[in-house]
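Asks: Sharing final.cif, mmCIF, C-alpha atoms:
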data_query
#
loop_
_atom_site.label_atom_id
_atom_site.label_comp_id
_atom_site.auth_asym_id
_atom_site.auth_seq_id
_atom_site.Cartn_x
_atom_site.Cartn_y
_atom_site.Cartn_z
CA MET A 53 63.76 -7.74 21.88
CA LEU A 54 64.56 -7.11 18.24
CA GLU A 55 67.69 -5.24 19.21
CA VAL A 56 68.91 -8.18 21.27
CA VAL A 57 68.42 -10.55 18.31
CA LEU A 58 70.15 -8.11 15.97
CA SER A 59 73.12 -7.63 18.26
CA LEU A 60 73.44 -11.39 18.75
CA LEU A 61 73.42 -11.98 14.99
CA ILE A 62 76.02 -9.27 14.41
CA ILE A 63 78.26 -10.64 17.16
CA ILE A 64 77.98 -14.19 15.81
CA GLY A 65 78.80 -12.87 12.33
CA ALA A 66 81.80 -10.93 13.57
CA VAL A 67 83.11 -13.90 15.57
CA PHE A 68 82.89 -16.30 12.64
CA THR A 69 84.46 -13.84 10.22
CA PHE A 70 87.26 -13.29 12.71
CA ILE A 71 87.84 -17.03 13.16
CA GLY A 72 87.95 -17.41 9.39
CA SER A 73 90.71 -14.83 9.16
CA LEU A 74 92.45 -16.29 12.18
CA GLY A 75 92.69 -19.54 10.23
CA LEU A 76 95.02 -17.80 7.79
CA ALA A 77 97.50 -17.21 10.58
CA ARG A 78 97.09 -20.39 12.59
CA LEU A 79 97.01 -23.20 10.06
CA GLY A 80 100.05 -24.91 8.66
CA ASP A 81 100.17 -24.82 4.87
CA PHE A 82 98.57 -23.18 1.86
CA TYR A 83 95.83 -25.75 1.39
CA THR A 84 94.64 -25.84 4.98
CA ARG A 85 94.66 -22.03 5.09
CA LEU A 86 92.27 -22.09 2.15
CA HIS A 87 89.61 -23.65 4.41
CA GLY A 88 89.26 -20.72 6.79
CA PRO A 89 88.19 -17.98 4.38
CA THR A 90 85.96 -20.25 2.27
CA LYS A 91 83.89 -21.61 5.15
CA ALA A 92 83.91 -19.80 8.43
CA THR A 93 83.22 -16.58 6.56
CA THR A 94 80.09 -17.86 4.79
CA LEU A 95 78.31 -18.26 8.12
CA GLY A 96 79.79 -14.98 9.36
CA VAL A 97 78.62 -12.97 6.39
CA GLY A 98 75.37 -14.97 6.42
CA SER A 99 74.37 -13.90 9.90
CA LEU A 100 75.42 -10.29 9.24
CA LEU A 101 73.12 -10.33 6.21
CA ILE A 102 70.22 -11.85 8.18
CA ALA A 103 70.68 -9.02 10.66
CA SER A 104 70.57 -6.54 7.79
CA VAL A 105 67.34 -8.09 6.39
CA LEU A 106 65.70 -7.95 9.82
CA TYR A 107 66.80 -4.38 10.47
CA PHE A 108 65.68 -2.90 7.17
CA SER A 109 62.45 -4.96 6.97
CA THR A 110 61.23 -3.78 10.37
CA ARG A 111 61.81 -0.08 9.71
CA GLY A 112 58.46 0.13 7.96
CA GLU A 113 59.74 0.61 4.43
CA GLY A 114 58.64 -2.81 3.26
CA LEU A 115 60.51 -6.08 2.96
CA SER A 116 64.19 -5.82 2.13
CA LEU A 117 65.46 -8.95 0.46
CA HIS A 118 68.32 -7.98 -1.81
CA GLU A 119 70.73 -9.28 0.84
CA ILE A 120 69.77 -12.74 -0.42
CA LEU A 121 71.63 -11.88 -3.61
CA VAL A 122 74.81 -11.13 -1.67
CA THR A 123 74.54 -14.61 -0.11
CA LEU A 124 73.91 -16.18 -3.50
CA PHE A 125 76.91 -14.46 -5.12
CA LEU A 126 79.08 -15.32 -2.15
CA PHE A 127 78.11 -18.99 -2.36
CA ILE A 128 78.94 -18.99 -6.05
CA THR A 129 82.21 -17.03 -5.96
CA ALA A 130 83.88 -18.27 -2.75
CA PRO A 131 84.23 -21.92 -3.87
CA VAL A 132 85.28 -20.90 -7.39
CA SER A 133 88.10 -18.68 -6.17
CA ALA A 134 89.18 -21.35 -3.67
CA HIS A 135 89.21 -23.94 -6.46
CA LEU A 136 91.30 -21.71 -8.75
CA LEU A 137 93.76 -20.87 -5.96
CA SER A 138 94.30 -24.52 -5.07
CA LYS A 139 94.53 -25.50 -8.73
CA ALA A 140 97.29 -22.92 -9.22
CA ALA A 141 98.98 -24.11 -6.02
CA LEU A 142 98.92 -27.74 -7.21
CA HIS A 143 100.35 -26.64 -10.53
CA LEU A 144 103.20 -24.77 -8.83
CA ARG A 145 103.75 -27.66 -6.38
CA VAL A 146 103.39 -25.48 -3.30
CA ARG A 147 104.68 -27.09 -0.08
CA SER A 148 101.91 -29.14 1.49
CA LEU A 149 101.30 -31.10 4.69
CA ALA A 150 99.39 -33.74 2.72
CA THR A 151 100.71 -35.49 -0.36
CA PRO A 152 98.74 -34.48 -3.43
CA PRO A 153 97.93 -37.17 -6.03
CA ARG A 154 100.81 -37.55 -8.44
CA ASP A 155 99.28 -36.10 -11.58
CA ALA A 156 97.20 -33.38 -9.90
CA GLY A 157 97.93 -29.91 -11.23
CA ASP A 158 99.36 -31.19 -14.48
CA PRO A 159 97.34 -29.57 -17.27
CA GLU A 160 97.63 -32.70 -19.37
CA GLY A 161 97.02 -35.11 -16.48
CA GLY A 162 97.83 -38.80 -16.30
CA ARG A 163 101.39 -38.55 -17.62
CA PRO A 164 104.09 -40.16 -15.46
CA ALA A 165 105.86 -37.65 -13.18
CA ARG A 166 109.24 -38.84 -14.51
CA ASP A 167 108.72 -37.25 -17.97
CA ARG A 168 107.72 -33.98 -16.48
CA VAL A 169 110.92 -33.62 -14.46
CA GLU A 170 113.11 -34.38 -17.47
CA GLU A 171 111.25 -31.85 -19.54
CA SER A 172 111.76 -29.03 -17.10
CA ARG A 173 115.52 -29.44 -17.11
CA MET B 146 65.70 -29.71 -31.46
CA ARG B 147 66.75 -26.63 -29.55
CA HIS B 148 64.43 -23.77 -29.00
CA VAL B 149 65.96 -20.61 -30.48
CA LEU B 150 63.58 -18.11 -28.91
CA LEU B 151 63.66 -19.62 -25.43
CA PRO B 152 66.98 -21.45 -25.16
CA HIS B 153 67.01 -21.80 -21.37
CA PRO B 154 63.50 -22.06 -19.93
CA VAL B 155 64.92 -22.49 -16.41
CA LEU B 156 67.17 -19.45 -16.58
CA THR B 157 64.41 -16.96 -17.47
CA PRO B 158 62.46 -17.04 -14.18
CA VAL B 159 65.72 -17.24 -12.20
CA LEU B 160 67.03 -14.07 -13.86
CA ALA B 161 63.66 -12.34 -13.39
CA VAL B 162 63.71 -13.13 -9.66
CA VAL B 163 67.34 -11.94 -9.38
CA TRP B 164 66.33 -8.68 -11.09
CA LEU B 165 63.40 -8.16 -8.70
CA LEU B 166 65.70 -8.75 -5.73
CA LEU B 167 68.24 -6.30 -7.17
CA VAL B 168 65.73 -3.46 -7.53
CA ASN B 169 64.03 -4.55 -4.28
CA SER B 170 60.52 -3.89 -5.60
CA LEU B 171 57.52 -5.82 -6.88
CA SER B 172 55.85 -3.23 -9.12
CA PRO B 173 54.34 -4.56 -12.38
CA GLY B 174 56.80 -2.50 -14.43
CA GLN B 175 59.79 -4.12 -12.72
CA ILE B 176 58.26 -7.60 -13.10
CA LEU B 177 57.86 -6.99 -16.84
CA LEU B 178 61.40 -5.63 -17.12
CA GLY B 179 62.70 -8.63 -15.17
CA LEU B 180 60.95 -11.06 -17.50
CA LEU B 181 62.25 -9.16 -20.52
CA LEU B 182 65.82 -9.36 -19.20
CA GLY B 183 65.30 -13.02 -18.32
CA TRP B 184 64.34 -13.64 -21.92
CA ALA B 185 66.96 -11.43 -23.60
CA ILE B 186 70.08 -12.38 -21.62
CA PRO B 187 69.88 -16.14 -22.40
CA VAL B 188 69.23 -15.39 -26.08
CA PHE B 189 72.26 -13.12 -26.40
CA THR B 190 74.60 -15.25 -24.26
CA LEU B 191 73.60 -18.52 -25.89
CA ARG B 192 77.15 -19.31 -26.95
CA PHE B 193 78.40 -19.35 -23.37
CA TRP B 194 75.77 -21.91 -22.38
CA PRO B 195 76.02 -24.68 -24.92
CA GLU B 196 74.23 -27.22 -22.70
CA GLN B 197 70.50 -27.24 -22.25
CA VAL B 198 69.59 -27.32 -18.58
CA THR B 199 66.62 -29.37 -17.51
CA ILE B 200 65.58 -30.04 -13.94
CA HIS B 201 64.06 -33.48 -13.74
CA LYS B 202 63.12 -33.83 -10.10
CA PRO B 203 62.44 -30.45 -8.47
CA MET B 204 61.67 -32.07 -5.11
CA THR B 205 65.03 -33.87 -5.03
CA LEU B 206 66.69 -30.54 -5.85
CA LEU B 207 64.87 -28.83 -2.97
CA ARG B 208 65.82 -31.59 -0.55
CA PHE B 209 69.42 -31.37 -1.80
CA LEU B 210 69.44 -27.60 -1.14
CA GLY B 211 68.16 -28.21 2.39
CA VAL B 212 70.86 -30.82 3.05
CA VAL B 213 73.54 -28.48 1.67
CA LEU B 214 72.38 -25.50 3.77
CA TYR B 215 72.42 -27.67 6.88
CA ASP B 216 75.89 -28.97 5.99
CA ILE B 217 77.18 -25.43 5.44
CA LEU B 218 76.05 -24.54 8.95
CA VAL B 219 77.75 -27.62 10.42
CA ALA B 220 80.83 -27.05 8.24
CA ASN B 221 81.30 -23.55 9.58
CA ILE B 222 81.18 -24.71 13.17
CA THR B 223 83.52 -27.68 12.57
CA VAL B 224 86.06 -25.58 10.70
CA ALA B 225 85.89 -22.79 13.29
CA ARG B 226 86.54 -25.33 16.04
CA LEU B 227 89.45 -26.88 14.12
CA ILE B 228 91.01 -23.44 13.57
CA LEU B 229 90.71 -22.62 17.27
CA ALA B 230 92.10 -26.04 18.26
CA GLY B 231 95.24 -25.30 16.28
CA ARG B 232 97.32 -27.11 13.73
CA LYS B 233 98.05 -30.16 15.86
CA HIS B 234 94.45 -31.30 15.51
CA VAL B 235 94.44 -30.92 11.77
CA SER B 236 95.30 -33.93 9.61
CA PRO B 237 94.91 -32.75 6.03
CA ALA B 238 94.83 -35.14 3.07
CA PHE B 239 94.00 -35.19 -0.60
CA VAL B 240 91.39 -37.67 -1.76
CA THR B 241 90.40 -38.44 -5.32
CA VAL B 242 86.69 -38.76 -6.00
CA PRO B 243 85.81 -40.66 -9.18
CA LEU B 244 82.99 -38.76 -10.86
CA ALA B 245 79.77 -40.29 -12.17
CA LEU B 246 78.49 -36.88 -13.29
CA ARG B 247 79.19 -35.90 -16.87
CA SER B 248 77.59 -32.51 -17.52
CA ASP B 249 79.42 -29.20 -16.97
CA LEU B 250 76.71 -27.85 -14.70
CA GLY B 251 76.57 -31.01 -12.61
CA ILE B 252 80.33 -31.11 -12.07
CA SER B 253 80.54 -27.40 -11.23
CA LEU B 254 77.68 -27.69 -8.75
CA LEU B 255 79.30 -30.71 -7.11
CA ALA B 256 82.67 -28.92 -6.87
CA ASN B 257 81.00 -25.85 -5.38
CA THR B 258 79.05 -27.94 -2.87
CA VAL B 259 82.17 -29.83 -1.82
CA SER B 260 83.97 -26.53 -1.20
CA LEU B 261 81.11 -25.18 0.91
CA THR B 262 80.67 -28.26 3.10
CA PRO B 263 82.50 -29.84 6.05
CA GLY B 264 86.26 -29.41 5.93
CA THR B 265 86.69 -30.05 2.21
CA VAL B 266 87.77 -27.88 -0.71
CA SER B 267 87.69 -29.11 -4.28
CA ALA B 268 91.24 -28.64 -5.48
CA TRP B 269 91.59 -29.98 -8.96
CA LEU B 270 89.52 -31.55 -11.73
CA SER B 271 91.31 -33.94 -14.06
CA PRO B 272 91.28 -32.73 -17.69
CA ASP B 273 89.19 -35.71 -18.80
CA ARG B 274 86.65 -34.84 -16.07
CA THR B 275 86.59 -38.25 -14.50
CA ARG B 276 88.18 -37.43 -11.15
CA LEU B 277 87.82 -34.58 -8.69
CA VAL B 278 90.71 -34.07 -6.28
CA VAL B 279 89.44 -32.86 -2.92
CA HIS B 280 91.52 -31.46 -0.08
CA GLY B 281 90.18 -32.30 3.37
CA LEU B 282 91.11 -30.41 6.51
CA ARG B 283 90.75 -33.40 8.78
CA VAL B 284 90.58 -36.75 7.07
CA ASP B 285 90.50 -39.80 9.31
CA ASP B 286 89.12 -42.20 6.73
CA PRO B 287 89.56 -41.21 3.07
CA ASP B 288 87.24 -43.94 1.76
CA ALA B 289 84.41 -42.88 4.06
CA LEU B 290 84.85 -39.27 2.87
CA ILE B 291 84.67 -40.31 -0.79
CA ALA B 292 81.59 -42.45 -0.09
CA GLN B 293 79.94 -39.58 1.76
CA ILE B 294 80.54 -37.08 -1.07
CA LYS B 295 79.23 -39.56 -3.63
CA ARG B 296 76.14 -40.53 -1.67
CA ARG B 297 75.21 -37.20 -0.14
CA TYR B 298 75.93 -34.78 -2.99
CA GLU B 299 76.67 -36.54 -6.23
CA ALA B 300 73.74 -38.96 -6.27
CA PRO B 301 71.00 -36.28 -5.93
CA LEU B 302 72.72 -34.01 -8.48
CA LYS B 303 72.87 -36.87 -10.93
CA GLU B 304 69.20 -37.61 -10.38
CA VAL B 305 68.22 -33.98 -10.97
CA PHE B 306 70.38 -33.09 -13.95
CA GLU B 307 71.31 -36.35 -15.69
CA PRO B 308 68.82 -39.15 -15.26
CA CYS B 309 69.45 -42.08 -17.52
#
Show this structure as structure tokens.

Replies:
Amino acid sequence: MLEVVLSLLIIIGAVFTFIGSLGLARLGDFYTRLHGPTKATTLGVGSLLIASVLYFSTRGEGLSLHEILVTLFLFITAPVSAHLLSKAALHLRVRSLATPPRDAGDPEGGRPARDRVEESR
Amino acid sequence: MRHVLLPHPVLTPVLAVVWLLLVNSLSPGQILLGLLLGWAIPVFTLRFWPEQVTIHKPMTLLRFLGVVLYDILVANITVARLILAGRKHVSPAFVTVPLALRSDLGISLLANTVSLTPGTVSAWLSPDRTRLVVHGLRVDDPDALIAQIKRRYEAPLKEVFEPC
């Protein structure tokens, strides 16, 4: 019974992690590709970790909970790296399917786009 | 006035619990060591944490965590389905969320939550910290998305960290 649950969790984890990576290949532009690795993988890694907790806790060596920390660090770092990547992309004006707000990515913000173009010449 | 010996009362137990999870044991020695680290780290890293953190409504925070966990689950399934459906079903857009939150911690938590939940990634924060630009994977109604982020995530965070 336990083995069935464990295998199911590992398969679910693998499938979601795979779909997350598949997103990198299938989606259209930089920003949409960012969605795959930040989200689908959290559930993927999450169920792999639940499987790990179950496996090590039922081997009779006491409760194993340090996998919770992996989840915690993942939930903290994944959005931060995604935010930094998209901030850099906005700054570099990477090609995008959606139109970003005019001043987004400008470190000073709020200045008319006109000035910026003249400056860069 | 700030407490010099215990600058972050909330951080101490959190760090102690993290330590206990790291060593994966509950022996009295490790609990003591965890508490010691939980006290020492905030004291020595005080300059990186200029803001005092106070949690005003622990129950609201718990409910918020529950909502976020549920949304993460839903988000994963929605995004997975969108990826499998292919790029024709994706209609990405940028929306600008005006922020009511003012504190560093509040804004970072909101940005993190937005990135973890359904089809949205926080993309850019304006330098004056009044607007958060969010990229959505499938945006049918930008105003509804903004309203949802404000009601579902920002309002509870504001209640917990910045009541006024």

Asks: Show which residues sit within 8 Å of range 231-248 of chain B, as a PyMOL selection string. Count only C-alpha atoms, and ignore same-chain residues fewer than 3 positions away.

Replies: (chain A and resi 78-80+84+149-153) or (chain B and resi 227-228+251-252+274-285+287+291+295+299+303+307)

Asks: Residues of chain B within 7 Å of chain A, using all atoms listed in the file, as a list in words?

Replies: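 Residues passing the distance filter: Leu166, Leu167, Asn169, Leu218, Ala220, Asn221, Val224, Ala225, Ile228, Gly231, Arg232, Pro237, Ala238, Phe239, Asn257, Ser260, Leu261, Gly264, Val266, Ser267, Ala268, Trp269, Ser271, Pro272 and Leu282 of chain B.
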
Asks: Which polymer residues, whether protein, DNA or RNA, lie within 9 Å of the coordinate (69.6, -31.2, -1.2) when you count only C-alpha atoms? List them as a JSON list (two decimals) with C-alpha atoms, in the coordinates of the input, using the chain letters and numbers from the file.

Replies:
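Just written: part_13.json:
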[["chain", "number", "residue", "atom", "x", "y", "z"],
["B", 204, "MET", "CA", 61.67, -32.07, -5.11],
["B", 205, "THR", "CA", 65.03, -33.87, -5.03],
["B", 206, "LEU", "CA", 66.69, -30.54, -5.85],
["B", 207, "LEU", "CA", 64.87, -28.83, -2.97],
["B", 208, "ARG", "CA", 65.82, -31.59, -0.55],
["B", 209, "PHE", "CA", 69.42, -31.37, -1.80],
["B", 210, "LEU", "CA", 69.44, -27.60, -1.14],
["B", 211, "GLY", "CA", 68.16, -28.21, 2.39],
["B", 212, "VAL", "CA", 70.86, -30.82, 3.05],
["B", 213, "VAL", "CA", 73.54, -28.48, 1.67],
["B", 214, "LEU", "CA", 72.38, -25.50, 3.77],
["B", 297, "ARG", "CA", 75.21, -37.20, -0.14],
["B", 298, "TYR", "CA", 75.93, -34.78, -2.99],
["B", 301, "PRO", "CA", 71.00, -36.28, -5.93],
["B", 302, "LEU", "CA", 72.72, -34.01, -8.48]]

Asks: Enter the distance from CA of Ala230 in chain B to CA of Pro89 in chain A, in Å, rounded to one decimal.

Replies: 16.5 Å

Asks: Please evaluate the PyMOL selection byres ((chain B and resi 305) around 6) against the displayed coordinates and give the resulting residues as a PyMOL selection string.

Replies: chain B and resi 200-202+302-304+306

Asks: How about saving the chosen residues, C-alpha atoms kept, as a PDB file, in the frame of the given file?

Replies:
ATOM      1  CA  ILE B 200      65.580 -30.040 -13.940  1.00  0.00           C
ATOM      2  CA  HIS B 201      64.060 -33.480 -13.740  1.00  0.00           C
ATOM      3  CA  LYS B 202      63.120 -33.830 -10.100  1.00  0.00           C
ATOM      4  CA  LEU B 302      72.720 -34.010  -8.480  1.00  0.00           C
ATOM      5  CA  LYS B 303      72.870 -36.870 -10.930  1.00  0.00           C
ATOM      6  CA  GLU B 304      69.200 -37.610 -10.380  1.00  0.00           C
ATOM      7  CA  PHE B 306      70.380 -33.090 -13.950  1.00  0.00           C
TER       8      PHE B 306
END

Asks: Closest to His153 in chain B among B:Val198, B:Thr223, B:Ser172, B:Asp216, using all atoms listed in the file?

Replies: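 Result for the nearest residue to His153 in chain B: B:Val198.
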
Asks: Find the distance between CA of Ser104 in chain A and CA of Ile62 in chain A and write it in Å to one decimal.

Replies: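 Going from CA of Ser104 in chain A over to CA of Ile62 in chain A, I get 9.0 Å.
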
Asks: Can you work out the spacing between CA of Ala161 in chain B and CA of Leu180 in chain B in Å, to one decimal?

Replies: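 Separation of CA of Ala161 in chain B and CA of Leu180 in chain B: 5.1 Å.
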
Asks: What lies within 12 Å of Phe193 in chain B using only C-alpha atoms, ignoring chain neighbours under 5 positions off, as number ranges by chain?

Replies: B: 152-153, 186-188, 249
